[in-house]
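> Below are the structure tokens for one structure; questions will follow.
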Amino acid sequence: MSTVTLPKIEYMSLKTRAEAFDKMVAHINPNFFFVPTEKSRKKIISEFSQTKLYNKKFLKSLNNGLERSTFFTK
């Protein structure tokens with residue numbers, strides 16, 4: 001095994017970053033990365049629209065984003 005020597009300030013910086021990363025990973029919800037069950041863009045937009053919570057500009061933006069994805073179909 002090799003030994004690496006670092007200045008203390010660099011070690012402390014790396015340690016702080018590693019701890020911050022560990023905290024971030026620990027707080028990510030395991031359901032954050034899930035595969036959507038619905039693949040139809042039209043149905044997704046329709047369901048969002050029916051809630052009456054989203055304006056037309058948002059729905060258009062959502063549709064544009066879904067169009068760029070290779071996962072979703074028409």
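For the structure tokens, the naming scheme is as follows: chains receive sequential letters (A, B, ...) according to their order of presentation, residues are indexed from 1 within each chain, and ligands are indexed from 1 in presentation order.
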Could you list, as a short mmCIF file (atom, residue, chain, number, x, y, z; two decimals) with N, CA and C atoms, in the first residue's frame, every residue within 9 Å of range 35-47 of chain A, counting only C-alpha atoms and ignoring same-chain residues fewer than 3 positions away?


```cif
data_model
loop_
_atom_site.label_atom_id
_atom_site.label_comp_id
_atom_site.auth_asym_id
_atom_site.auth_seq_id
_atom_site.Cartn_x
_atom_site.Cartn_y
_atom_site.Cartn_z
N GLN A 50 -55.72 18.57 -16.00
CA GLN A 50 -56.97 18.33 -15.30
C GLN A 50 -56.93 18.78 -13.84
N THR A 51 -55.75 18.90 -13.26
CA THR A 51 -55.66 19.32 -11.86
C THR A 51 -55.97 20.80 -11.70
N LEU A 59 -47.34 23.94 -18.73
CA LEU A 59 -47.69 22.72 -19.44
C LEU A 59 -46.96 22.62 -20.77
N LYS A 60 -46.80 23.77 -21.45
CA LYS A 60 -46.06 23.78 -22.71
C LYS A 60 -44.59 23.44 -22.47
N LEU A 62 -43.40 21.69 -19.95
CA LEU A 62 -43.36 20.28 -19.58
C LEU A 62 -43.41 19.42 -20.84
N ASN A 63 -44.30 19.75 -21.74
CA ASN A 63 -44.42 19.00 -22.99
C ASN A 63 -43.13 19.06 -23.79
N LEU A 66 -40.66 16.73 -22.19
CA LEU A 66 -41.00 15.32 -22.44
C LEU A 66 -40.71 14.94 -23.90
N GLU A 67 -40.88 15.89 -24.82
CA GLU A 67 -40.59 15.62 -26.24
C GLU A 67 -39.10 15.31 -26.45
N PHE A 71 -37.51 8.40 -23.61
CA PHE A 71 -38.30 7.46 -22.82
C PHE A 71 -39.78 7.57 -23.12
N PHE A 72 -40.28 8.80 -23.31
CA PHE A 72 -41.70 9.03 -23.47
C PHE A 72 -42.13 8.96 -24.92
N THR A 73 -43.38 8.49 -25.14
CA THR A 73 -43.93 8.39 -26.48
C THR A 73 -44.97 9.48 -26.68
N LYS A 74 -45.49 9.58 -27.91
CA LYS A 74 -46.53 10.58 -28.20
C LYS A 74 -47.75 10.21 -27.44
#
```

> Write out as a ChimeraX atom specification all residues of range 13-72 of chain A that DSSP puts in alpha helix (DSSP H) for this structure's backbone.

/A:13-27,41-50,56-68

> Work out how far apart CA of Ile9 in chain A and CA of Phe21 in chain A are and give it in Å to one decimal.

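A separation of 18.5 Å between them.
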
> Using Å and a single decimal, report how far CA of Pro7 in chain A sits from CA of Asp22 in chain A.

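About the pair CA of Asp22 in chain A and CA of Pro7 in chain A: they are 22.6 Å apart.
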